[in-house]
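Enquirer: mmCIF, N, CA and C atoms, saved as start_9.cif, coming up:
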data_work
#
loop_
_atom_site.label_atom_id
_atom_site.label_comp_id
_atom_site.auth_asym_id
_atom_site.auth_seq_id
_atom_site.Cartn_x
_atom_site.Cartn_y
_atom_site.Cartn_z
N MET A 935 81.76 70.32 110.43
CA MET A 935 82.33 71.64 110.27
C MET A 935 83.72 71.69 110.90
N LYS A 936 84.66 72.20 110.18
CA LYS A 936 86.04 72.27 110.62
C LYS A 936 86.24 73.51 111.49
N SER A 937 86.86 73.36 112.66
CA SER A 937 87.11 74.54 113.49
C SER A 937 88.39 75.22 113.02
N LEU A 938 88.40 76.52 113.18
CA LEU A 938 89.55 77.29 112.75
C LEU A 938 90.66 77.21 113.77
N GLU A 939 91.86 77.05 113.28
CA GLU A 939 93.02 77.03 114.15
C GLU A 939 93.33 78.46 114.59
N THR A 940 93.62 78.65 115.87
CA THR A 940 93.93 79.98 116.37
C THR A 940 95.38 80.31 116.06
N LYS A 941 95.57 81.42 115.37
CA LYS A 941 96.92 81.86 115.01
C LYS A 941 97.41 82.89 116.00
N GLN A 942 98.71 82.84 116.24
CA GLN A 942 99.33 83.80 117.14
C GLN A 942 100.24 84.73 116.34
N ILE A 943 99.97 86.02 116.40
CA ILE A 943 100.77 87.04 115.74
C ILE A 943 101.52 87.80 116.83
N ASN A 944 102.82 87.99 116.64
CA ASN A 944 103.64 88.60 117.68
C ASN A 944 104.08 90.03 117.43
N ASN A 945 104.02 90.47 116.15
CA ASN A 945 104.50 91.82 115.87
C ASN A 945 103.90 92.36 114.58
N LEU A 946 104.21 93.60 114.30
CA LEU A 946 103.70 94.30 113.13
C LEU A 946 104.05 93.58 111.83
N PHE A 947 105.26 93.07 111.73
CA PHE A 947 105.71 92.46 110.48
C PHE A 947 104.98 91.15 110.19
N GLU A 948 104.61 90.44 111.22
CA GLU A 948 103.78 89.24 111.03
C GLU A 948 102.39 89.63 110.55
N TRP A 949 101.87 90.76 111.05
CA TRP A 949 100.57 91.24 110.57
C TRP A 949 100.65 91.63 109.10
N LEU A 950 101.73 92.29 108.72
CA LEU A 950 101.90 92.67 107.31
C LEU A 950 102.01 91.43 106.42
N ASP A 951 102.68 90.39 106.90
CA ASP A 951 102.74 89.13 106.14
C ASP A 951 101.35 88.52 105.99
N GLU A 952 100.55 88.60 107.02
CA GLU A 952 99.18 88.07 106.95
C GLU A 952 98.37 88.84 105.90
N ILE A 953 98.51 90.15 105.89
CA ILE A 953 97.76 90.98 104.94
C ILE A 953 98.19 90.71 103.51
N MET A 954 99.49 90.63 103.29
CA MET A 954 100.00 90.56 101.92
C MET A 954 100.22 89.14 101.40
N LEU A 955 100.42 88.18 102.28
CA LEU A 955 100.83 86.86 101.80
C LEU A 955 99.89 85.74 102.23
N HIS A 956 99.65 85.60 103.52
CA HIS A 956 98.88 84.45 104.02
C HIS A 956 97.37 84.64 103.89
N LYS A 957 96.90 85.84 104.17
CA LYS A 957 95.49 86.21 104.01
C LYS A 957 94.55 85.29 104.79
N SER A 958 94.88 85.06 106.05
CA SER A 958 94.06 84.21 106.91
C SER A 958 92.75 84.88 107.28
N ASP A 959 91.79 84.07 107.66
CA ASP A 959 90.49 84.57 108.11
C ASP A 959 90.66 85.38 109.39
N PRO A 960 89.99 86.52 109.52
CA PRO A 960 90.15 87.35 110.72
C PRO A 960 89.75 86.64 112.02
N GLN A 961 88.87 85.66 111.91
CA GLN A 961 88.43 84.93 113.10
C GLN A 961 89.48 83.92 113.58
N SER A 962 90.52 83.70 112.79
CA SER A 962 91.51 82.69 113.14
C SER A 962 92.60 83.21 114.08
N PHE A 963 92.55 84.49 114.42
CA PHE A 963 93.58 85.06 115.27
C PHE A 963 93.12 85.12 116.72
N SER A 964 94.05 84.91 117.62
CA SER A 964 93.74 84.98 119.05
C SER A 964 93.53 86.43 119.46
N GLN A 965 92.91 86.60 120.61
CA GLN A 965 92.71 87.96 121.14
C GLN A 965 94.06 88.61 121.44
N GLU A 966 95.02 87.82 121.88
CA GLU A 966 96.37 88.35 122.12
C GLU A 966 96.96 88.94 120.84
N SER A 967 96.72 88.27 119.72
CA SER A 967 97.21 88.77 118.43
C SER A 967 96.56 90.09 118.09
N TRP A 968 95.25 90.18 118.29
CA TRP A 968 94.55 91.43 117.98
C TRP A 968 95.02 92.56 118.89
N ASP A 969 95.43 92.21 120.10
CA ASP A 969 95.96 93.23 121.01
C ASP A 969 97.28 93.80 120.50
N LYS A 970 98.00 93.05 119.69
CA LYS A 970 99.28 93.50 119.13
C LYS A 970 99.11 94.24 117.81
N TRP A 971 97.89 94.30 117.31
CA TRP A 971 97.60 95.03 116.07
C TRP A 971 97.70 96.52 116.35
N ASN A 972 98.34 97.27 115.45
CA ASN A 972 98.44 98.72 115.57
C ASN A 972 98.02 99.32 114.23
N SER A 973 96.81 99.84 114.16
CA SER A 973 96.27 100.36 112.90
C SER A 973 97.17 101.42 112.30
N TYR A 974 97.65 102.33 113.12
CA TYR A 974 98.49 103.42 112.62
C TYR A 974 99.73 102.87 111.92
N MET A 975 100.42 101.94 112.55
CA MET A 975 101.66 101.40 111.98
C MET A 975 101.38 100.56 110.74
N VAL A 976 100.28 99.84 110.71
CA VAL A 976 99.92 99.06 109.52
C VAL A 976 99.69 100.02 108.36
N HIS A 977 98.91 101.07 108.59
CA HIS A 977 98.68 102.07 107.54
C HIS A 977 100.01 102.67 107.07
N ARG A 978 100.83 103.01 108.03
CA ARG A 978 102.09 103.68 107.72
C ARG A 978 103.00 102.81 106.84
N TYR A 979 103.15 101.54 107.23
CA TYR A 979 104.02 100.66 106.44
C TYR A 979 103.43 100.36 105.07
N LEU A 980 102.13 100.11 105.00
CA LEU A 980 101.54 99.82 103.70
C LEU A 980 101.63 101.01 102.76
N SER A 981 101.59 102.21 103.32
CA SER A 981 101.67 103.41 102.48
C SER A 981 103.07 103.62 101.91
N MET A 982 104.05 102.86 102.37
CA MET A 982 105.41 102.98 101.83
C MET A 982 105.49 102.43 100.40
N ASN A 983 104.49 101.64 100.00
CA ASN A 983 104.43 101.16 98.62
C ASN A 983 103.49 102.09 97.86
N ILE A 984 104.01 102.74 96.84
CA ILE A 984 103.22 103.74 96.10
C ILE A 984 101.94 103.14 95.51
N SER A 985 101.95 101.86 95.21
CA SER A 985 100.77 101.21 94.63
C SER A 985 99.62 101.10 95.64
N TYR A 986 99.94 101.18 96.91
CA TYR A 986 98.92 100.99 97.95
C TYR A 986 98.41 102.29 98.56
N ILE A 987 98.92 103.42 98.12
CA ILE A 987 98.58 104.70 98.76
C ILE A 987 97.08 104.98 98.70
N ASP A 988 96.44 104.75 97.57
CA ASP A 988 94.99 105.00 97.46
C ASP A 988 94.20 104.09 98.40
N ILE A 989 94.62 102.85 98.51
CA ILE A 989 93.93 101.90 99.40
C ILE A 989 94.10 102.37 100.85
N VAL A 990 95.32 102.71 101.23
CA VAL A 990 95.59 103.15 102.60
C VAL A 990 94.80 104.43 102.90
N ASN A 991 94.75 105.34 101.96
CA ASN A 991 94.01 106.59 102.15
C ASN A 991 92.54 106.29 102.43
N TYR A 992 91.99 105.32 101.73
CA TYR A 992 90.59 104.94 101.94
C TYR A 992 90.41 104.25 103.30
N VAL A 993 91.27 103.30 103.60
CA VAL A 993 91.11 102.48 104.81
C VAL A 993 91.39 103.26 106.09
N GLN A 994 92.31 104.22 106.04
CA GLN A 994 92.66 104.91 107.28
C GLN A 994 91.55 105.82 107.80
N LYS A 995 90.49 105.98 107.01
CA LYS A 995 89.33 106.76 107.47
C LYS A 995 88.45 105.95 108.42
N ILE A 996 88.69 104.65 108.48
CA ILE A 996 87.93 103.76 109.37
C ILE A 996 88.49 103.91 110.78
N ASN A 997 87.60 103.85 111.76
CA ASN A 997 88.00 103.94 113.16
C ASN A 997 89.10 102.91 113.44
N PRO A 998 90.24 103.33 114.00
CA PRO A 998 91.36 102.41 114.23
C PRO A 998 91.02 101.26 115.18
N GLN A 999 89.94 101.40 115.95
CA GLN A 999 89.54 100.33 116.84
C GLN A 999 88.85 99.17 116.11
N ASN A 1000 88.44 99.40 114.87
CA ASN A 1000 87.82 98.35 114.05
C ASN A 1000 88.91 97.53 113.37
N LYS A 1001 89.70 96.86 114.18
CA LYS A 1001 90.88 96.16 113.70
C LYS A 1001 90.54 95.08 112.68
N GLN A 1002 89.52 94.29 112.98
CA GLN A 1002 89.17 93.20 112.07
C GLN A 1002 88.65 93.72 110.73
N GLN A 1003 87.92 94.81 110.76
CA GLN A 1003 87.42 95.40 109.52
C GLN A 1003 88.58 95.94 108.67
N ILE A 1004 89.52 96.61 109.31
CA ILE A 1004 90.69 97.14 108.59
C ILE A 1004 91.49 95.98 108.00
N TYR A 1005 91.74 94.96 108.80
CA TYR A 1005 92.48 93.80 108.32
C TYR A 1005 91.77 93.17 107.12
N THR A 1006 90.47 92.99 107.22
CA THR A 1006 89.70 92.35 106.15
C THR A 1006 89.77 93.15 104.86
N ILE A 1007 89.63 94.44 104.95
CA ILE A 1007 89.69 95.27 103.73
C ILE A 1007 91.07 95.17 103.09
N TYR A 1008 92.11 95.29 103.89
CA TYR A 1008 93.45 95.16 103.34
C TYR A 1008 93.67 93.78 102.74
N ARG A 1009 93.22 92.76 103.45
CA ARG A 1009 93.40 91.38 102.99
C ARG A 1009 92.76 91.17 101.63
N GLU A 1010 91.59 91.80 101.43
CA GLU A 1010 90.86 91.63 100.17
C GLU A 1010 91.40 92.53 99.05
N MET A 1011 91.90 93.70 99.38
CA MET A 1011 92.28 94.67 98.35
C MET A 1011 93.73 94.60 97.91
N ILE A 1012 94.59 94.11 98.78
CA ILE A 1012 96.01 94.05 98.44
C ILE A 1012 96.33 92.70 97.81
N PRO A 1013 97.00 92.73 96.65
CA PRO A 1013 97.33 91.48 95.95
C PRO A 1013 98.19 90.55 96.80
N LYS A 1014 98.05 89.26 96.57
CA LYS A 1014 98.80 88.26 97.33
C LYS A 1014 100.20 88.11 96.74
N LYS A 1015 101.13 88.79 97.36
CA LYS A 1015 102.54 88.66 96.98
C LYS A 1015 103.41 89.21 98.10
N LYS A 1016 104.59 88.65 98.21
CA LYS A 1016 105.54 89.09 99.23
C LYS A 1016 106.24 90.34 98.72
N LEU A 1017 106.17 91.41 99.48
CA LEU A 1017 106.82 92.66 99.14
C LEU A 1017 107.66 93.14 100.31
N TRP A 1018 108.73 93.80 99.96
CA TRP A 1018 109.53 94.47 100.98
C TRP A 1018 109.07 95.91 101.00
N LEU A 1019 108.57 96.37 102.13
CA LEU A 1019 108.10 97.74 102.26
C LEU A 1019 109.20 98.56 102.90
N LYS A 1020 109.93 99.28 102.08
CA LYS A 1020 111.04 100.10 102.57
C LYS A 1020 110.49 101.27 103.36
N TYR A 1021 110.94 101.40 104.58
CA TYR A 1021 110.50 102.49 105.44
C TYR A 1021 111.16 103.78 104.96
N VAL A 1022 110.37 104.77 104.66
CA VAL A 1022 110.89 106.05 104.18
C VAL A 1022 111.07 106.97 105.38
N LYS A 1023 112.33 107.35 105.61
CA LYS A 1023 112.64 108.22 106.74
C LYS A 1023 112.62 109.68 106.30
N ASN A 1024 112.36 110.54 107.23
CA ASN A 1024 112.44 111.97 106.97
C ASN A 1024 113.91 112.35 106.92
N GLU A 1025 114.33 112.88 105.80
CA GLU A 1025 115.72 113.25 105.64
C GLU A 1025 115.95 114.74 105.87
N ASN A 1026 114.97 115.42 106.41
CA ASN A 1026 115.08 116.85 106.67
C ASN A 1026 115.66 117.13 108.05
N LYS A 1027 116.67 116.38 108.44
CA LYS A 1027 117.32 116.61 109.72
C LYS A 1027 118.29 117.77 109.55
N ARG A 1028 117.74 118.95 109.58
CA ARG A 1028 118.56 120.14 109.36
C ARG A 1028 118.82 120.84 110.67
N ASN A 1029 119.96 121.45 110.72
CA ASN A 1029 120.34 122.25 111.87
C ASN A 1029 120.31 123.71 111.43
N LEU A 1030 119.13 124.29 111.41
CA LEU A 1030 118.95 125.62 110.82
C LEU A 1030 119.58 126.75 111.64
N LYS A 1031 119.72 126.56 112.91
CA LYS A 1031 120.30 127.56 113.82
C LYS A 1031 119.77 128.97 113.59
N GLN A 1032 120.59 129.86 113.04
CA GLN A 1032 120.24 131.28 112.93
C GLN A 1032 119.49 131.63 111.66
N ILE A 1033 119.48 130.76 110.68
CA ILE A 1033 118.86 131.11 109.39
C ILE A 1033 117.39 131.52 109.55
N PRO A 1034 116.56 130.78 110.32
CA PRO A 1034 115.16 131.21 110.46
C PRO A 1034 115.01 132.61 111.04
N GLU A 1035 115.94 133.00 111.91
CA GLU A 1035 115.88 134.34 112.50
C GLU A 1035 116.09 135.41 111.42
N TYR A 1036 117.04 135.17 110.55
CA TYR A 1036 117.29 136.12 109.45
C TYR A 1036 116.08 136.18 108.50
N ILE A 1037 115.55 135.00 108.15
CA ILE A 1037 114.41 134.93 107.23
C ILE A 1037 113.18 135.59 107.86
N ALA A 1038 112.95 135.34 109.16
CA ALA A 1038 111.81 135.94 109.86
C ALA A 1038 111.93 137.45 109.89
N GLU A 1039 113.14 137.93 110.13
CA GLU A 1039 113.35 139.38 110.13
C GLU A 1039 113.14 139.97 108.73
N TYR A 1040 113.64 139.28 107.72
CA TYR A 1040 113.53 139.76 106.34
C TYR A 1040 112.07 139.86 105.90
N PHE A 1041 111.28 138.80 106.20
CA PHE A 1041 109.87 138.78 105.78
C PHE A 1041 108.92 139.30 106.86
N ASN A 1042 109.46 139.66 108.03
CA ASN A 1042 108.65 140.13 109.15
C ASN A 1042 107.56 139.10 109.48
N CYS A 1043 108.01 137.88 109.79
CA CYS A 1043 107.08 136.77 110.07
C CYS A 1043 107.59 135.97 111.27
N SER A 1044 106.84 134.94 111.64
CA SER A 1044 107.24 134.09 112.76
C SER A 1044 108.36 133.13 112.33
N LEU A 1045 109.01 132.50 113.32
CA LEU A 1045 110.07 131.54 113.01
C LEU A 1045 109.51 130.31 112.29
N GLY A 1046 108.30 129.89 112.65
CA GLY A 1046 107.67 128.76 111.97
C GLY A 1046 107.42 129.05 110.50
N GLU A 1047 106.91 130.25 110.22
CA GLU A 1047 106.71 130.66 108.83
C GLU A 1047 108.04 130.76 108.10
N ALA A 1048 109.06 131.25 108.82
CA ALA A 1048 110.39 131.38 108.22
C ALA A 1048 110.92 130.02 107.78
N GLU A 1049 110.71 128.99 108.59
CA GLU A 1049 111.16 127.64 108.22
C GLU A 1049 110.43 127.15 106.97
N ASN A 1050 109.15 127.49 106.84
CA ASN A 1050 108.42 127.15 105.61
C ASN A 1050 108.99 127.89 104.41
N TYR A 1051 109.34 129.16 104.61
CA TYR A 1051 109.96 129.93 103.53
C TYR A 1051 111.29 129.31 103.11
N ILE A 1052 112.05 128.83 104.08
CA ILE A 1052 113.34 128.20 103.78
C ILE A 1052 113.13 126.99 102.86
N ASP A 1053 112.09 126.20 103.15
CA ASP A 1053 111.78 125.04 102.30
C ASP A 1053 111.43 125.48 100.88
N ILE A 1054 110.73 126.59 100.76
CA ILE A 1054 110.31 127.09 99.45
C ILE A 1054 111.48 127.73 98.71
N LEU A 1055 112.26 128.53 99.42
CA LEU A 1055 113.36 129.27 98.80
C LEU A 1055 114.55 128.40 98.41
N ARG A 1056 114.74 127.35 99.16
CA ARG A 1056 115.89 126.46 98.98
C ARG A 1056 117.19 127.22 99.17
N LYS A 1057 118.29 126.57 98.86
CA LYS A 1057 119.62 127.12 99.13
C LYS A 1057 119.87 128.46 98.43
N HIS A 1058 119.58 128.51 97.14
CA HIS A 1058 119.88 129.71 96.36
C HIS A 1058 119.11 130.93 96.87
N GLY A 1059 117.82 130.77 97.14
CA GLY A 1059 117.00 131.88 97.63
C GLY A 1059 117.40 132.34 99.01
N VAL A 1060 117.70 131.39 99.88
CA VAL A 1060 118.14 131.73 101.24
C VAL A 1060 119.47 132.47 101.17
N LYS A 1061 120.37 131.99 100.31
CA LYS A 1061 121.67 132.62 100.16
C LYS A 1061 121.52 134.10 99.74
N GLY A 1062 120.64 134.36 98.80
CA GLY A 1062 120.40 135.74 98.35
C GLY A 1062 119.88 136.62 99.47
N ILE A 1063 118.97 136.10 100.26
CA ILE A 1063 118.42 136.89 101.38
C ILE A 1063 119.49 137.17 102.42
N LEU A 1064 120.30 136.15 102.74
CA LEU A 1064 121.36 136.36 103.72
C LEU A 1064 122.34 137.44 103.26
N TRP A 1065 122.63 137.45 101.97
CA TRP A 1065 123.50 138.50 101.43
C TRP A 1065 122.83 139.87 101.57
N GLU A 1066 121.53 139.93 101.27
CA GLU A 1066 120.80 141.20 101.40
C GLU A 1066 120.76 141.66 102.85
N MET A 1067 120.79 140.70 103.78
CA MET A 1067 120.75 141.05 105.20
C MET A 1067 122.13 141.50 105.71
N GLY A 1068 123.13 141.48 104.83
CA GLY A 1068 124.43 142.02 105.20
C GLY A 1068 125.48 140.98 105.56
N LEU A 1069 125.19 139.69 105.44
CA LEU A 1069 126.19 138.67 105.72
C LEU A 1069 127.13 138.55 104.52
N ASN A 1070 128.41 138.34 104.81
CA ASN A 1070 129.35 138.15 103.70
C ASN A 1070 129.29 136.71 103.21
N GLU A 1071 130.01 136.42 102.14
CA GLU A 1071 129.93 135.10 101.51
C GLU A 1071 130.40 134.00 102.45
N GLU A 1072 131.45 134.26 103.21
CA GLU A 1072 131.99 133.26 104.14
C GLU A 1072 130.97 132.92 105.22
N GLU A 1073 130.35 133.94 105.84
CA GLU A 1073 129.33 133.71 106.88
C GLU A 1073 128.13 132.97 106.31
N THR A 1074 127.70 133.38 105.13
CA THR A 1074 126.55 132.76 104.47
C THR A 1074 126.83 131.28 104.20
N ASN A 1075 127.97 130.99 103.61
CA ASN A 1075 128.31 129.60 103.30
C ASN A 1075 128.42 128.74 104.55
N LYS A 1076 128.97 129.33 105.63
CA LYS A 1076 129.08 128.59 106.90
C LYS A 1076 127.69 128.24 107.44
N LEU A 1077 126.77 129.21 107.45
CA LEU A 1077 125.40 128.94 107.91
C LEU A 1077 124.69 127.90 107.05
N LEU A 1078 124.85 128.01 105.74
CA LEU A 1078 124.20 127.07 104.83
C LEU A 1078 124.77 125.66 105.00
N LYS A 1079 126.06 125.56 105.23
CA LYS A 1079 126.69 124.24 105.44
C LYS A 1079 126.19 123.62 106.75
N GLU A 1080 126.15 124.41 107.81
CA GLU A 1080 125.66 123.91 109.10
C GLU A 1080 124.21 123.47 109.00
N ALA A 1081 123.43 124.19 108.19
CA ALA A 1081 122.01 123.88 108.04
C ALA A 1081 121.77 122.73 107.07
N LYS A 1082 122.81 122.27 106.40
CA LYS A 1082 122.70 121.20 105.39
C LYS A 1082 121.72 121.56 104.29
N LEU A 1083 121.81 122.80 103.84
CA LEU A 1083 120.98 123.27 102.73
C LEU A 1083 121.75 123.15 101.43
#
For this file, produce the structure as C-alpha cells.
Expert:
Amino acid sequence: MKSLETKQINNLFEWLDEIMLHKSDPQSFSQESWDKWNSYMVHRYLSMNISYIDIVNYVQKINPQNKQQIYTIYREMIPKKKLWLKYVKNENKRNLKQIPEYIAEYFNCSLGEAENYIDILRKHGVKGILWEMGLNEEETNKLLKEAKL
C-alpha cells in the first residue's frame, strides 16, 4: 500500500487551486494546511464565478468547521479546470451626506430606511424629492455629485 504524501498549503489561493485543478485527496494535507483553510473565504471566492453559485449555496449550509467535508464536496462538484475568479468589489462607496436626512424627512422614516429608498429611487427620483423639499437645482446637483448618484 502506497502512503500518501503530505501536502503543505500556505494560503487561500493554493486551496482554490486544489479544489479546481489538482483535486488531491483530503487526507493528503497536513494539519497545518487545514489550519489555514477558511471556509468563508473559499465560499466567497468560488461564488465569484456565476456557474458555481448554486454549488456554493448548497455547500455553505455545512458547518464551516467540517473543512474536509466542504473541500471534498467542492473537489467532486467543481470541474477540473484553471479559472481566474475575479473578486467582485462593492462599488456603492457613496458619500450620501445630507441626502438621507432629506429623504427621511420626506417619507417620515429612519435614516436606514431612507438609504434603502435612495437605492430604489435612484438619481432621478431623489432629484425630484430634493426639489420638492425646496432645494434649488444647483444645491440638488451638488448633493447628487457628492453622493456619486
Enquirer: For this file, the PyMOL selection byres ((chain A and resi 939-950) around 5) selects which residues, as a PyMOL selection string?
Expert: chain A and resi 937-938+951-954+962-964+967
Enquirer: Applying 8 Å and only N, CA and C atoms, which residues near segment 1034-1051 of chain A remain after dropping the ones on its own chain fewer than 6 positions away? List them as a list of chain:residue names.
Expert: A:Gly1059, A:Val1060, A:Ile1063, A:Leu1064, A:Met1067
Enquirer: Go through A:Arg1056, A:Leu1083, A:Ser973, A:Tyr986 one by one, measure the shortest atom-to-atom distance of each to Ile1004 of chain A using all atoms listed in the file, and give the residue with the smallest value.
Expert: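 Using all atoms listed in the file, the shortest distance to Ile1004 of chain A belongs to A:Ser973.
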Enquirer: Could you jot down the atom CA of Leu1078 of chain A to atom CA of Ile1054 of chain A separation for me, Å, one decimal place?
Expert: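 It comes out at 14.9 Å.
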Enquirer: Given 6 Å on each side, where is the centre and what are the edge lengths in Å to one decimal of the axis-aligned box enclosing the listed atoms of segment 1061-1071 of chain A, as lines of an AutoDock Vina configuration file?
Expert:
center_x = 124.4
center_y = 137.0
center_z = 102.0
size_x = 24.0
size_y = 22.0
size_z = 19.4
Enquirer: Could you check which of A:Tyr1021, A:Pro1013, A:Gln961, A:Asp1053 is closest to Arg978 of chain A, using only N, CA and C atoms?
Expert: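 Selected residue with least distance to Arg978 of chain A: A:Tyr1021.
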Enquirer: State, in Å with one decimal place, the distance from atom CA of Arg1009 of chain A to atom CA of Gln965 of chain A.
Expert: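 Separation between atom CA of Arg1009 of chain A and atom CA of Gln965 of chain A: 18.5 Å.
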Enquirer: Could you pull out the residues in chain A that DSSP calls alpha helix (DSSP H) from the backbone, as a PyMOL selection string?
Expert: chain A and resi 946-951+965-969+973-980+987-993+1001-1011+1033-1041+1045-1066+1071-1080
Enquirer: Considering only N, CA and C atoms, can you say which of A:Leu1019, A:Leu1055, A:Leu1077, A:Leu1030 comes closest to Asn983 of chain A?
Expert: A:Leu1019
Enquirer: Between atom C of Glu966 of chain A and atom N of Gln1003 of chain A, what is the spacing in Å?
Expert: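 According to the coordinates, atom N of Gln1003 of chain A and atom C of Glu966 of chain A are separated by 14.8 Å.
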Enquirer: Which of these residues is nearest to Asn1000 of chain A, using only C-alpha atoms: A:Lys1061, A:Gln1032, A:Ile984, A:Trp971?
Expert: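 Of the candidates, the smallest distance to Asn1000 of chain A is held by A:Trp971.
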Enquirer: With only C-alpha atoms as the atoms that count, which of A:Tyr974, A:Tyr1008, A:Trp1065, A:Trp968 lies nearest to Tyr992 of chain A?
Expert: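 Selected residue with least distance to Tyr992 of chain A: A:Tyr1008.
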Enquirer: Go through A:Val976, A:Ala1081, A:Met982, A:Leu1069 one by one, measure the shortest atom-to-atom distance of each to Lys1020 of chain A using all atoms listed in the file, and give the residue with the smallest value.
Expert: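 Selected residue with least distance to Lys1020 of chain A: A:Met982.
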